[in-house]
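A short write-up of the structure that comes next.
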Amino acid sequence: MAPHVPWGTIRYFRNTVPRMQDTTRTPATPAKLLKGILPINRAAVLRDALAGISLASMDIPQVLGYARIAGMPAVTGLYTAFLPLFAFALFGASRHLVVAADSATATIFASRLSSMAAMGSPEYVALAGMVALQTAALLLLARLFKLGFLADFLSRTVLTGFLAGVGVQVSIAMLGDLFGMTVPYPSSRSLAQLFYVAGHVTHAHAPTLLLALAVIVAILGCKRFAPRLPIPLVAVIGSIVASEMFDFAARGISVLGPIDGGLPAIRFPDVTWQQSLDLMPVAASCFVMIIAQSAAAARVFAQQYHEDVDTNSDILGLAAANAAAALSGTFVVNGSPTQTAMAERAGTRSQFGQLAFAAVVAVVLLFWSGYLRYLPHCVLAGIVFTIAIGLINVQSLRDIRAESPGEFALALITAGAVVVAGVEHGILLAVALSLMRHVRHSYHPHTMVLMPVAPGKPWQFMPTTPGAMTTPQLIVYRFGADLFYANDHFFASEVTKLVDTAFDSLRHLVVDAGAITDLDYSAARTIGALVETLRERDVAVSFGRVNRFLRSDMDRHGLTPVLGASNVFDTLHEALAAAGVNAGAHEPGAL
């Protein structure tokens, strides 16, 4: 992800809808391919071609940096912006999504592969290719079974924390190159790397450190004052020229060295069966990140331009892109929100702009890749460092802390897990925390009791407290979630406590079921037993605002006969009237 386009720039936390009507485009073509390009006209072709060339000037240094994060040969970063871009343009649906190398997915597989083979070695490249192929297979399965909804299972809060953790980990991983020293620990051991660099800081190579700091300051300064200026590209070209003229390698500044030029060779990743099995958890982690990030970026920009969203077609395009990456000798690709934002700022309005970007990459591979041998490692590390700190969205974290301290804690826990335990474990924790937060809300939802707040004023729902009553003879209780096996005992215990602390004159309990759409077998049995118990205490139980889905569950599980069909109402007014209350005298608005 590009450093000069922060996560918040594309309003990732904007509420989006899964399907939007297209008011700016002609009706969708029946063709299944090239959805991200068609329809298009001559003026749009010229506009997108020029925008794609502009995007290439900004993004080529980034994909080289992502290759460094991934522990892959530098040229493979260029490969990610070649065949994968063509594959997504052919099969994907989004007109805006840029599918190429990405720092989050690069970090995920590098943290595992670095313990299986030497970074940059042929075996390491083969392992990375197999991860891309397995990721493509998982994406294809997701498309076949229409699992695009999985994008919603990674909450935005923990995704922000996860990316912040990735930013910290990548920043630490670049310290060795920035200081001109070799760190004897893999990227998955961030704390060991940090302690090593801190303990050997006096051994830093001064010219290397000064050059790296100059690049970092220049990029961050222009990010603030001249964001459209492609400073990373200027830094790459300028350092290559200076390195060749002044022989940086002879002066102790490490450079990339010889790089194979030409277009990528098509080949199948050569790994063993056992290695393939070992890589499956890594591919699964990449799959989750790709689904979450790509869907978010596609939805945001589709909303901006009033276009349709076809998540499942985009998943097919992502599967094709990763298959192309695997067969062309490179690593996992992802739909990057920030690279997509860069493309939008450059002026691209369809995937034709991304094809122009790929064409520029092809020219670089054929004619200019030989010059990359002079590129200093510290310059590339400086670019990557700015990318990494751009992943730490401080403003979003501040907003989360101000609005929800609990969610802020989850974000910090996720970020800490990434730094301490590694990216692979971090993404799994992120998914688990997202699901646990949802389950916790369903397990212990908000509950309220309808109460009079002032004489002559409408009744209002207030938070449930012991002794709360609607009238001396009535309690109207609202449960804020579906009823299922995990929360039915909470429902029963809270209702029992309300009845225990109520006046002896209590005769009616009305459950406002407006928030309940589902009832399972366990909850039906628990509520049935509660109804019988309260009936023995001369308290009649009825349900109001019962929708047809809840009524169907109540009938199927035998709860309706226990309550009595006459005690199940479509509206709360009817339930109150049956309890002898004139609802119209105490409402409008509350019921």
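Chain lettering (A, B, ...) mirrors the order of the structure tokens, residue numbering begins at 1 for each chain separately, and ligand numbering begins at 1 in order of display.
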
Skip Gly36 of chain A itself and residues of its chain fewer than 6 positions away, then list as a compact mmCIF listing (two decimals) with N, CA and C atoms, in the first residue's frame all residues within 12 Å of it, counting only C-alpha atoms.
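result-v5.txt was written with the following content:
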```
# COMPACT_ATOMS: atom_id res chain seq x y z
N ARG A 25 -23.71 4.64 -15.65
CA ARG A 25 -23.27 3.77 -16.71
C ARG A 25 -24.47 3.21 -17.47
N ALA A 28 -25.61 -3.06 -17.72
CA ALA A 28 -24.47 -3.97 -17.73
C ALA A 28 -24.50 -4.87 -18.95
N THR A 29 -23.31 -5.07 -19.53
CA THR A 29 -23.19 -5.95 -20.67
C THR A 29 -23.42 -7.39 -20.25
N LEU A 85 -2.32 -8.20 -13.33
CA LEU A 85 -3.19 -7.09 -13.71
C LEU A 85 -4.05 -7.46 -14.92
N PHE A 86 -3.45 -8.13 -15.90
CA PHE A 86 -4.21 -8.58 -17.07
C PHE A 86 -5.29 -9.57 -16.66
N ALA A 87 -4.94 -10.49 -15.76
CA ALA A 87 -5.90 -11.52 -15.35
C ALA A 87 -7.11 -10.90 -14.65
N PHE A 88 -6.87 -9.94 -13.75
CA PHE A 88 -8.01 -9.33 -13.06
C PHE A 88 -8.84 -8.50 -14.02
N ALA A 89 -8.20 -7.78 -14.93
CA ALA A 89 -8.95 -6.99 -15.91
C ALA A 89 -9.85 -7.87 -16.76
N LEU A 90 -9.43 -9.11 -17.01
CA LEU A 90 -10.21 -10.03 -17.84
C LEU A 90 -11.39 -10.61 -17.08
N PHE A 91 -11.17 -11.02 -15.81
CA PHE A 91 -12.20 -11.76 -15.09
C PHE A 91 -12.91 -10.94 -14.00
N GLY A 92 -12.30 -9.88 -13.49
CA GLY A 92 -12.89 -9.11 -12.40
C GLY A 92 -14.00 -8.19 -12.87
N ALA A 93 -14.72 -7.60 -11.91
CA ALA A 93 -15.84 -6.71 -12.22
C ALA A 93 -15.56 -5.26 -11.85
N SER A 94 -14.74 -5.01 -10.83
CA SER A 94 -14.49 -3.64 -10.38
C SER A 94 -13.74 -2.86 -11.45
N ARG A 95 -14.18 -1.64 -11.69
CA ARG A 95 -13.51 -0.78 -12.67
C ARG A 95 -12.32 -0.06 -12.06
N HIS A 96 -12.17 -0.13 -10.74
CA HIS A 96 -11.16 0.70 -10.08
C HIS A 96 -10.08 -0.09 -9.34
N LEU A 97 -10.39 -1.30 -8.90
CA LEU A 97 -9.49 -2.03 -8.02
C LEU A 97 -8.14 -2.31 -8.70
N VAL A 98 -7.05 -1.98 -8.01
CA VAL A 98 -5.70 -2.29 -8.49
C VAL A 98 -5.23 -3.55 -7.77
N ALA A 298 -13.18 -2.09 -3.30
CA ALA A 298 -14.11 -2.12 -4.43
C ALA A 298 -15.42 -1.44 -4.07
N ALA A 302 -16.88 1.99 -5.84
CA ALA A 302 -18.14 1.79 -6.57
C ALA A 302 -19.20 2.76 -6.05
N GLU A 307 -21.72 2.95 -9.01
CA GLU A 307 -21.61 1.77 -9.85
C GLU A 307 -22.05 0.53 -9.07
N ASP A 308 -22.35 -0.53 -9.82
CA ASP A 308 -22.72 -1.79 -9.19
C ASP A 308 -21.52 -2.42 -8.50
N VAL A 309 -21.79 -3.20 -7.47
CA VAL A 309 -20.76 -4.00 -6.80
C VAL A 309 -21.06 -5.48 -7.08
N ASP A 310 -20.07 -6.18 -7.59
CA ASP A 310 -20.20 -7.61 -7.85
C ASP A 310 -19.03 -8.31 -7.17
N SER A 313 -17.78 -11.73 -8.60
CA SER A 313 -16.98 -11.62 -9.83
C SER A 313 -15.58 -11.10 -9.52
N ASP A 314 -15.49 -10.17 -8.57
CA ASP A 314 -14.17 -9.69 -8.17
C ASP A 314 -13.34 -10.80 -7.55
N GLY A 317 -11.88 -12.71 -10.29
CA GLY A 317 -10.74 -11.98 -10.84
C GLY A 317 -9.51 -12.09 -9.96
N THR A 348 -7.62 7.15 -13.48
CA THR A 348 -8.16 5.94 -14.11
C THR A 348 -9.62 5.76 -13.70
N ARG A 349 -10.44 5.37 -14.69
CA ARG A 349 -11.86 5.13 -14.43
C ARG A 349 -12.29 3.74 -14.88
N SER A 350 -11.33 2.93 -15.32
CA SER A 350 -11.63 1.55 -15.68
C SER A 350 -10.34 0.74 -15.61
N GLN A 351 -10.47 -0.57 -15.77
CA GLN A 351 -9.29 -1.42 -15.73
C GLN A 351 -8.35 -1.19 -16.92
N PHE A 352 -8.78 -0.43 -17.92
CA PHE A 352 -7.87 -0.12 -19.02
C PHE A 352 -6.66 0.67 -18.51
N GLY A 353 -6.88 1.50 -17.48
CA GLY A 353 -5.75 2.22 -16.90
C GLY A 353 -4.75 1.28 -16.26
N GLN A 354 -5.24 0.21 -15.61
CA GLN A 354 -4.35 -0.78 -15.02
C GLN A 354 -3.60 -1.57 -16.12
N LEU A 355 -4.25 -1.77 -17.28
CA LEU A 355 -3.56 -2.43 -18.40
C LEU A 355 -2.42 -1.55 -18.93
```

* To do: DSSP on the backbone, then: every residue of segment 67-223 of chain A marked alpha helix (DSSP H), written as number ranges by chain.
  => A: 67-70, 74-80, 83-91, 103-113, 122-144, 156-173, 175-179, 190-199, 206-223

Name all residues at most 8 Å from segment 533-549 of chain A (count only C-alpha atoms; drop same-chain ones fewer than 2 positions away) and give them as an mmCIF file with C-alpha atoms, in the first residue's frame.
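Wrote result.cif, looks like this:
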```cif
data_model
loop_
_atom_site.group_PDB
_atom_site.id
_atom_site.type_symbol
_atom_site.label_atom_id
_atom_site.label_comp_id
_atom_site.auth_asym_id
_atom_site.auth_seq_id
_atom_site.Cartn_x
_atom_site.Cartn_y
_atom_site.Cartn_z
ATOM 1 C CA LEU A 506 -47.684 -7.636 38.838
ATOM 2 C CA ARG A 507 -49.962 -9.649 36.541
ATOM 3 C CA HIS A 508 -48.625 -9.198 32.993
ATOM 4 C CA LEU A 509 -45.215 -9.493 31.307
ATOM 5 C CA VAL A 510 -45.154 -8.322 27.672
ATOM 6 C CA VAL A 511 -42.023 -9.132 25.671
ATOM 7 C CA ASP A 512 -41.365 -6.569 22.957
ATOM 8 C CA ALA A 513 -39.942 -8.861 20.228
ATOM 9 C CA GLY A 514 -39.219 -6.106 17.713
ATOM 10 C CA ILE A 516 -35.991 -10.770 17.628
ATOM 11 C CA THR A 517 -36.086 -12.441 14.218
ATOM 12 C CA ASP A 518 -34.896 -15.927 15.114
ATOM 13 C CA ALA A 529 -40.227 -23.379 30.993
ATOM 14 C CA LEU A 530 -40.071 -19.694 32.023
ATOM 15 C CA VAL A 531 -43.644 -19.119 30.827
ATOM 16 C CA ARG A 551 -43.789 -16.571 14.501
ATOM 17 C CA SER A 552 -42.701 -19.398 12.203
ATOM 18 C CA ASP A 553 -39.949 -20.404 14.668
ATOM 19 C CA LEU A 563 -47.904 -19.158 25.301
ATOM 20 C CA ASN A 567 -50.878 -14.138 23.550
ATOM 21 C CA VAL A 568 -48.803 -13.682 20.382
ATOM 22 C CA PHE A 569 -49.423 -10.293 18.716
ATOM 23 C CA ASP A 570 -48.287 -8.540 15.558
ATOM 24 C CA THR A 571 -48.011 -5.157 17.289
ATOM 25 C CA LEU A 572 -47.157 -3.945 20.752
ATOM 26 C CA HIS A 573 -50.385 -1.944 20.885
ATOM 27 C CA GLU A 574 -52.389 -5.147 20.654
ATOM 28 C CA ALA A 575 -50.313 -6.796 23.390
#
```

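Across the model, the gap from atom CA of Leu127 of chain A to atom CA of Ala326 of chain A is 9.6 Å.
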
* To do: Determine the nearest neighbour of Gly370 of chain A from the options A:Ala292, A:Ile383, A:Glu244, A:Leu55, counting only C-alpha atoms.
  => A:Glu244

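Between atom CA of Val476 of chain A and atom CA of Phe503 of chain A there is a distance of 14.2 Å.
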
* Contact residues around Ile259 of chain A with only C-alpha atoms at 9 Å, ignoring same-chain residues under 3 positions, as a PyMOL selection string -> chain A and resi 73-75+256+369-373

* To do: For atom CA of Val131 of chain A and atom CA of Met289 of chain A, quote the distance in Å rounded to one decimal.
  =>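 Atom CA of Met289 of chain A lies 13.6 Å from atom CA of Val131 of chain A.
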
Taking a cut-off of 12 Å and counting only C-alpha atoms, can you build a table that, for each residue of segment 360-436 of chain A near segment 333-343 of chain A, reports the nearest atom pair and how far apart they are in Å (one decimal), sorted by chain then residue number, as JSON lines?
```
{"residue": "A:Ile387", "atom": "CA", "partner": "A:Thr338", "partner_atom": "CA", "distance": 10.4}
{"residue": "A:Gly390", "atom": "CA", "partner": "A:Thr338", "partner_atom": "CA", "distance": 9.9}
{"residue": "A:Leu391", "atom": "CA", "partner": "A:Thr338", "partner_atom": "CA", "distance": 9.7}
```

Writing out the chosen residues with C-alpha atoms as a short mmCIF file (atom, residue, chain, number, x, y, z; two decimals), in the first residue's frame:
```cif
data_model
loop_
_atom_site.label_atom_id
_atom_site.label_comp_id
_atom_site.auth_asym_id
_atom_site.auth_seq_id
_atom_site.Cartn_x
_atom_site.Cartn_y
_atom_site.Cartn_z
CA ILE A 387 4.92 2.41 3.34
CA GLY A 390 1.55 4.68 6.44
CA LEU A 391 -0.23 1.51 7.56
#
```

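Closest approach to Pro186 of chain A among A:Val363, A:Ile172, A:Val439, A:Val581 is made by A:Ile172 (distances from only C-alpha atoms).
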
* Name the residues in contact with Leu428 of chain A at a cut-off of 12 Å, using only C-alpha atoms, excluding same-chain residues fewer than 6 positions from it; report them as a list in words. => Ile108, Phe153, Leu154, Val158, Leu159, Phe162, Pro281, Val282, Ala283, Ala284, Ser285, Cys286, Phe287, Val288, Met289, Thr414, Ala417, Val418, Ala421, Gly422, Ser434 and Leu435 of chain A

Serialized selection, N, CA and C atoms, as a short mmCIF file (atom, residue, chain, number, x, y, z; two decimals), in the first residue's frame:
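So out_33.cif came out as:
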```cif
data_model
loop_
_atom_site.label_atom_id
_atom_site.label_comp_id
_atom_site.auth_asym_id
_atom_site.auth_seq_id
_atom_site.Cartn_x
_atom_site.Cartn_y
_atom_site.Cartn_z
N ILE A 108 2.48 -11.49 5.52
CA ILE A 108 1.87 -12.72 6.03
C ILE A 108 2.68 -13.94 5.62
N PHE A 153 -16.78 -10.49 7.74
CA PHE A 153 -16.51 -11.15 9.00
C PHE A 153 -15.21 -10.67 9.66
N LEU A 154 -14.46 -9.81 8.99
CA LEU A 154 -13.27 -9.21 9.61
C LEU A 154 -13.63 -7.77 9.91
N VAL A 158 -10.62 -4.34 14.11
CA VAL A 158 -9.46 -5.19 14.25
C VAL A 158 -8.62 -5.19 12.98
N LEU A 159 -9.22 -4.90 11.83
CA LEU A 159 -8.43 -4.76 10.61
C LEU A 159 -7.50 -3.56 10.71
N PHE A 162 -4.79 -4.71 12.96
CA PHE A 162 -3.92 -5.64 12.25
C PHE A 162 -2.94 -4.91 11.34
N PRO A 281 -2.06 -23.09 5.93
CA PRO A 281 -2.48 -22.02 6.85
C PRO A 281 -2.06 -20.64 6.37
N VAL A 282 -0.89 -20.55 5.73
CA VAL A 282 -0.43 -19.26 5.22
C VAL A 282 -1.37 -18.78 4.11
N ALA A 283 -1.71 -19.69 3.19
CA ALA A 283 -2.63 -19.33 2.11
C ALA A 283 -4.00 -18.92 2.66
N ALA A 284 -4.45 -19.61 3.70
CA ALA A 284 -5.74 -19.26 4.30
C ALA A 284 -5.71 -17.86 4.90
N SER A 285 -4.60 -17.51 5.53
CA SER A 285 -4.46 -16.16 6.09
C SER A 285 -4.46 -15.11 4.99
N CYS A 286 -3.72 -15.37 3.90
CA CYS A 286 -3.72 -14.45 2.77
C CYS A 286 -5.13 -14.33 2.18
N PHE A 287 -5.83 -15.44 2.10
CA PHE A 287 -7.19 -15.44 1.56
C PHE A 287 -8.09 -14.50 2.35
N VAL A 288 -8.04 -14.59 3.68
CA VAL A 288 -8.88 -13.74 4.52
C VAL A 288 -8.55 -12.27 4.30
N MET A 289 -7.26 -11.94 4.27
CA MET A 289 -6.86 -10.55 4.08
C MET A 289 -7.28 -10.03 2.71
N THR A 414 -4.82 -6.85 18.75
CA THR A 414 -4.50 -7.42 17.44
C THR A 414 -3.14 -6.94 16.96
N ALA A 417 -0.41 -8.63 18.88
CA ALA A 417 -0.25 -10.04 18.49
C ALA A 417 0.55 -10.17 17.21
N VAL A 418 0.33 -9.25 16.27
CA VAL A 418 1.09 -9.28 15.01
C VAL A 418 2.57 -9.07 15.28
N ALA A 421 3.64 -12.22 18.01
CA ALA A 421 3.44 -13.62 17.58
C ALA A 421 3.60 -13.82 16.09
N GLY A 422 3.57 -12.75 15.31
CA GLY A 422 3.71 -12.89 13.86
C GLY A 422 2.43 -12.58 13.14
N SER A 434 -13.06 -10.51 15.85
CA SER A 434 -14.23 -9.96 15.17
C SER A 434 -15.46 -10.80 15.47
N LEU A 435 -15.31 -12.12 15.36
CA LEU A 435 -16.45 -13.01 15.62
C LEU A 435 -16.85 -12.99 17.09
#
```

Per DSSP on the backbone, filter segment 423-481 of chain A down to the residues in strand (DSSP E) and report them as a PDB file with C-alpha atoms, in the first residue's frame.
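Saved as part.pdb:
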```pdb
ATOM      1  CA  THR A 447     -32.317  -4.878  27.181  1.00  0.00           C
ATOM      2  CA  MET A 448     -34.860  -2.263  28.211  1.00  0.00           C
ATOM      3  CA  VAL A 449     -38.114  -1.793  30.092  1.00  0.00           C
ATOM      4  CA  LEU A 450     -40.877   0.548  28.934  1.00  0.00           C
ATOM      5  CA  MET A 451     -41.394   3.074  31.719  1.00  0.00           C
ATOM      6  CA  GLN A 460     -39.889   5.561  27.040  1.00  0.00           C
ATOM      7  CA  PHE A 461     -37.710   2.460  26.942  1.00  0.00           C
ATOM      8  CA  MET A 462     -35.071   2.692  29.658  1.00  0.00           C
ATOM      9  CA  PRO A 463     -32.140   0.361  30.490  1.00  0.00           C
ATOM     10  CA  LEU A 474     -47.285  -4.637  33.946  1.00  0.00           C
ATOM     11  CA  ILE A 475     -43.695  -4.996  32.736  1.00  0.00           C
ATOM     12  CA  VAL A 476     -42.898  -4.395  29.048  1.00  0.00           C
ATOM     13  CA  TYR A 477     -39.476  -5.918  28.452  1.00  0.00           C
ATOM     14  CA  ARG A 478     -37.454  -5.470  25.247  1.00  0.00           C
ATOM     15  CA  PHE A 479     -34.682  -7.933  24.293  1.00  0.00           C
TER      16      PHE A 479
END
```

* Asked: Leaving out Arg401 of chain A and any residue of its chain fewer than 6 positions from it, which residues lie within 12 Å of it when counting only C-alpha atoms, given as a list in words?
  ->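 That gives Thr157, Gly161, Val394, Gln395, Glu407, Phe408, Ala409, Leu410, Ala411 and Leu412 of chain A.
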
Let me see the file: selected residues, C-alpha atoms, as a compact mmCIF listing (two decimals), in the first residue's frame.
```
# COMPACT_ATOMS: atom_id res chain seq x y z
CA THR A 157 -11.72 -2.16 14.02
CA GLY A 161 -5.24 -2.86 14.45
CA VAL A 394 -3.24 7.10 13.95
CA GLN A 395 -6.34 9.20 13.22
CA GLU A 407 -13.02 -1.75 20.31
CA PHE A 408 -9.82 0.29 20.67
CA ALA A 409 -8.53 -2.34 23.10
CA LEU A 410 -9.29 -5.06 20.53
CA ALA A 411 -7.36 -3.11 17.88
CA LEU A 412 -4.33 -2.80 20.19
```

* Asked: Which neighbours of Gln275 of chain A fall inside 9 Å, counting only C-alpha atoms, when residues of the same chain fewer than 4 positions from it are skipped, and could you give them as a ChimeraX atom specification?
  -> /A:116,127,271,279-280

Restricting it to C-alpha atoms, dump the selection as a short mmCIF file (atom, residue, chain, number, x, y, z; two decimals), in the first residue's frame.
```cif
data_model
loop_
_atom_site.label_atom_id
_atom_site.label_comp_id
_atom_site.auth_asym_id
_atom_site.auth_seq_id
_atom_site.Cartn_x
_atom_site.Cartn_y
_atom_site.Cartn_z
CA MET A 116 11.37 -22.80 5.56
CA LEU A 127 7.22 -21.72 -1.93
CA VAL A 271 7.46 -27.86 -4.07
CA LEU A 279 1.72 -23.72 3.44
CA MET A 280 -2.07 -24.12 3.65
#
```

* Structure fact -> Min atom-atom distance to Asp278 of chain A from the set A:Tyr79, A:Phe491, A:Phe109, A:Tyr66, counting only C-alpha atoms, belongs to A:Phe109
